[in-house]
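Quick notes on the structure that follows.
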Amino acid sequence: MKRRWKSILHSLIVLWGVATLVFFLFHAVAGDPARMMLGQVEDPAALAALRMEYGLDQPLWVQYGHYLEGLIPVGSQPDGGWGMRWPDLQTSYQQKGRPVIDLLAVTLPNTALLAFLSMGLALTLGIPMGLFAAIKKGTWLDRGVVLLSTTGMAMPSFFSAVLIGWIFGFLLAPWTGLPMTGNLVELDDFGEFTRVHWRNVLLPALTLGIRPLGVIAQMMRSSALEVMSQDYIRTAYAKGLTTTQVMRRHVVRNALNPLVTTVSGWLAGLFSGAVFVESVFGWNGTGKLMVDALESRDFPVVMGCVLSLSAVFVLIQWAVEWAYRWIDPRIAAQ
């Protein structure tokens with residue numbers, strides 16, 4: 001119990017540190033947000049009114065206090081009472097004062113879908129590839145798996161995104177039927193939902209999953225080889241168990257333990273690494289939202305994206321601790 005409370009406190013400190021860093025960093029480099037919102041308009045009265053509306057006329061430490069207060073999920077309600085509430089991530093400077101939390105509610109699920117599909121692809125292919133390479137150690141099949149995984153790890157996301165999009169979305173488009181760009185949900189001219197295009201997620205998920213696929217295959221191979229060299233594996237073979245039985249009963253679960261940390265780190269990285277992939281494929285996710293906000297200097301949106309990705313990272317770390325306790329009961333007993 002003490003360890004869990006310590007983990008929660010550590011996570012809160014991390015989120016507070018990220019919020020503080022992005023707040024002062026963007027306020028130091030952003031310039032005058034009111035002037036950016038008005039563009040070429042130089043009306044002093046309009047500037048003053050806009051600064052007052054967004055609280056930009058207050059001292060920086062007061063703005064910082066209001067910003068932190070808005071992030072706390074417990075506070076005053078519209079009816080005057082107290083209770084749970086959604087964090088207030090301020091409003092967009094460029095999108096007609098639209099709340100940042102509303103923008104993230106649309107884009108973050110798309111990024112999460114892309115990240116989990118990419119990691120699912122990497123796990124589905126990487127674990128069998130690593131086990132197969134460990135069983136066939138020293139053969140040309142083992143060397144082929146190592147070569148493929150090394151190539152996947154060496155390819156930067158932006159390069160593989162352009163390459164995969166050009167090959168499967170342009171050259172082979174008549175046969176694959178896959179577009180180079182597109183979102184999951186199609187909307188009509190009035191912004192109403194019309195249909196879902198699952199094929200639009202294939203190329204970005206493949207692109208984003210190539211690097212973790214190579215890492216997982218290499219890690220699984222090394223971990224499986226280490227487990228297969230243990231005495232209890234030789235004892236299992238001496239009892240007459242087949243290779244399939246030994247792999248299923250003894251090797252796989254023990255080899256997965258060191259893989260959990262790798263998967264968690266890469267899953268968190270996929271959320272932030274999706275920036276390039278989403279921009280290339282036009283995927284309406286948090287990464288693309290952040291890039292567009294940087295181009296228009298819409299810093300509340302950028303800050304909201306950074307904070308949301310940090311919160312996702314913290315949640316993944318909690319999930320990793322739970323996974324460790326499930327895989328290794330000795331950790332749960334501590």
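Going through the structure tokens in order, the chains are called A, B, and so on, while each chain numbers its residues from 1 and the ligands are numbered from 1 in the order shown.
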
Run DSSP on the backbone and give me the residues of segment 72-133 of chain A it puts in helix (DSSP H, G or I), as a PyMOL selection string. chain A and resi 100-133

Could you pull out the strand (DSSP E or B) residues of segment 89-259 of chain A, going by DSSP on the backbone, and write them as a PyMOL selection string? chain A and resi 91+99+185-187+193-196

Print the selection's residues with C-alpha atoms to a file, as a CSV table (one decimal), in the first residue's frame.
```csv
chain,number,residue,atom,x,y,z
A,91,THR,CA,-9.4,27.8,-24.7
A,99,PRO,CA,-12.1,24.7,-25.2
A,185,VAL,CA,-14.4,9.1,-39.5
A,186,GLU,CA,-15.9,10.8,-42.6
A,187,LEU,CA,-18.1,13.9,-42.1
A,193,PHE,CA,-21.0,11.7,-39.2
A,194,THR,CA,-21.4,9.6,-42.4
A,195,ARG,CA,-19.2,6.6,-42.3
A,196,VAL,CA,-16.0,5.0,-40.8
```

Just the residues within 8 Å of segment 206-212 of chain A, please, counting only C-alpha atoms, with nothing from its chain fewer than 6 positions along; format it as a tab-separated table (two decimals) with N, CA and C atoms, in the first residue's frame.
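Contents of result.tsv, as written:
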```tsv
chain	number	residue	atom	x	y	z
A	115	ALA	N	-2.02	4.24	-31.79
A	115	ALA	CA	-0.92	3.72	-30.98
A	115	ALA	C	-1.17	2.27	-30.57
A	118	SER	N	-0.91	-0.08	-33.55
A	118	SER	CA	0.50	-0.25	-33.91
A	118	SER	C	1.21	-1.18	-32.95
A	119	MET	N	0.96	-1.00	-31.65
A	119	MET	CA	1.58	-1.89	-30.67
A	119	MET	C	1.02	-3.30	-30.78
A	121	LEU	N	0.00	-4.73	-33.52
A	121	LEU	CA	0.69	-5.30	-34.68
A	121	LEU	C	2.10	-5.72	-34.33
A	122	ALA	N	2.81	-4.87	-33.58
A	122	ALA	CA	4.19	-5.18	-33.20
A	122	ALA	C	4.25	-6.41	-32.29
A	149	SER	N	14.46	-7.18	-38.24
A	149	SER	CA	14.19	-6.38	-37.04
A	149	SER	C	15.17	-5.22	-36.91
A	152	GLY	N	14.09	-2.53	-39.32
A	152	GLY	CA	12.93	-1.81	-38.80
A	152	GLY	C	13.30	-0.82	-37.72
A	153	MET	N	14.21	-1.19	-36.84
A	153	MET	CA	14.62	-0.27	-35.78
A	153	MET	C	15.40	0.92	-36.32
A	154	ALA	N	16.13	0.72	-37.42
A	154	ALA	CA	16.99	1.78	-37.95
A	154	ALA	C	16.23	2.79	-38.79
A	155	MET	N	15.00	2.49	-39.19
A	155	MET	CA	14.25	3.39	-40.07
A	155	MET	C	13.52	4.45	-39.25
A	157	SER	N	10.77	7.25	-38.27
A	157	SER	CA	9.34	7.22	-38.54
A	157	SER	C	8.96	8.09	-39.73
A	160	SER	N	10.05	6.22	-42.99
A	160	SER	CA	9.20	5.07	-43.29
A	160	SER	C	7.77	5.50	-43.63
A	161	ALA	N	7.29	6.61	-43.04
A	161	ALA	CA	5.95	7.09	-43.35
A	161	ALA	C	5.86	7.52	-44.82
A	164	ILE	N	6.36	4.22	-47.08
A	164	ILE	CA	5.20	3.33	-47.09
A	164	ILE	C	4.01	3.99	-47.77
A	263	VAL	N	7.83	-2.72	-23.87
A	263	VAL	CA	6.53	-2.44	-24.48
A	263	VAL	C	5.94	-1.16	-23.90
A	266	TRP	N	7.75	1.91	-25.28
A	266	TRP	CA	7.44	2.15	-26.67
A	266	TRP	C	5.99	2.60	-26.85
A	270	LEU	N	4.88	5.87	-28.68
A	270	LEU	CA	4.03	5.90	-29.87
A	270	LEU	C	3.06	7.07	-29.83
A	273	GLY	N	5.42	9.92	-30.63
A	273	GLY	CA	6.04	9.70	-31.94
A	273	GLY	C	5.07	9.73	-33.09
A	274	ALA	N	3.77	9.72	-32.78
A	274	ALA	CA	2.77	9.76	-33.84
A	274	ALA	C	2.68	11.12	-34.52
A	277	VAL	N	3.94	10.77	-38.15
A	277	VAL	CA	3.10	9.86	-38.91
A	277	VAL	C	1.74	10.49	-39.18
```

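When atom CA of Leu213 of chain A is paired with atom CA of Pro128 of chain A, their separation reads 10.8 Å.
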
I'd like the neighbourhood of Gly120 of chain A as a ChimeraX atom specification, where a residue qualifies if any of its atoms comes within 10 Å (using only C-alpha atoms), though same-chain residues fewer than 4 positions away should be ignored. /A:114-116,124-126,205,209,213,267

Those residues with C-alpha atoms, as a PDB file, in the first residue's frame please?
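Below is the file that was written, part21.pdb:
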```pdb
ATOM      1  CA  LEU A 114      -3.402   4.392 -33.810  1.00  0.00           C
ATOM      2  CA  ALA A 115      -0.923   3.720 -30.978  1.00  0.00           C
ATOM      3  CA  PHE A 116      -2.686   0.596 -29.683  1.00  0.00           C
ATOM      4  CA  THR A 124       1.393 -10.029 -32.758  1.00  0.00           C
ATOM      5  CA  LEU A 125       4.313 -10.294 -35.165  1.00  0.00           C
ATOM      6  CA  GLY A 126       7.292  -9.515 -32.927  1.00  0.00           C
ATOM      7  CA  ALA A 205      -0.508   1.851 -37.991  1.00  0.00           C
ATOM      8  CA  GLY A 209       4.533  -0.206 -35.592  1.00  0.00           C
ATOM      9  CA  LEU A 213       8.180  -4.559 -34.000  1.00  0.00           C
ATOM     10  CA  LEU A 267       3.681   2.476 -26.156  1.00  0.00           C
TER      11      LEU A 267
END
```

So which residues touch segment 13-19 of chain A within 12 Å, counting only C-alpha atoms, skipping near sequence neighbours fewer than 2 positions away, as a VMD selection string? chain A and resid 6 to 11 21 to 26 64 to 65 67 to 72 89 300 302 to 315 317

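Put simply, atom CA of His27 of chain A is 17.3 Å away from atom CA of Leu47 of chain A.
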
Gly165 of chain A surroundings by only C-alpha atoms, 8 Å radius, close-in-sequence under 3 positions cut, as a ChimeraX atom specification: /A:161-162,168-170,180,203,281

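Considering the residues A:Leu184, A:Gln95, A:Asp88, A:His250 and counting only C-alpha atoms, Met228 of chain A has its shortest atom-to-atom contact with A:His250.
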
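Distances here use only C-alpha atoms; by that measure, the residue among A:Glu295, A:His197, A:Gln58, A:Gly285 closest to Leu103 of chain A is A:Gly285.
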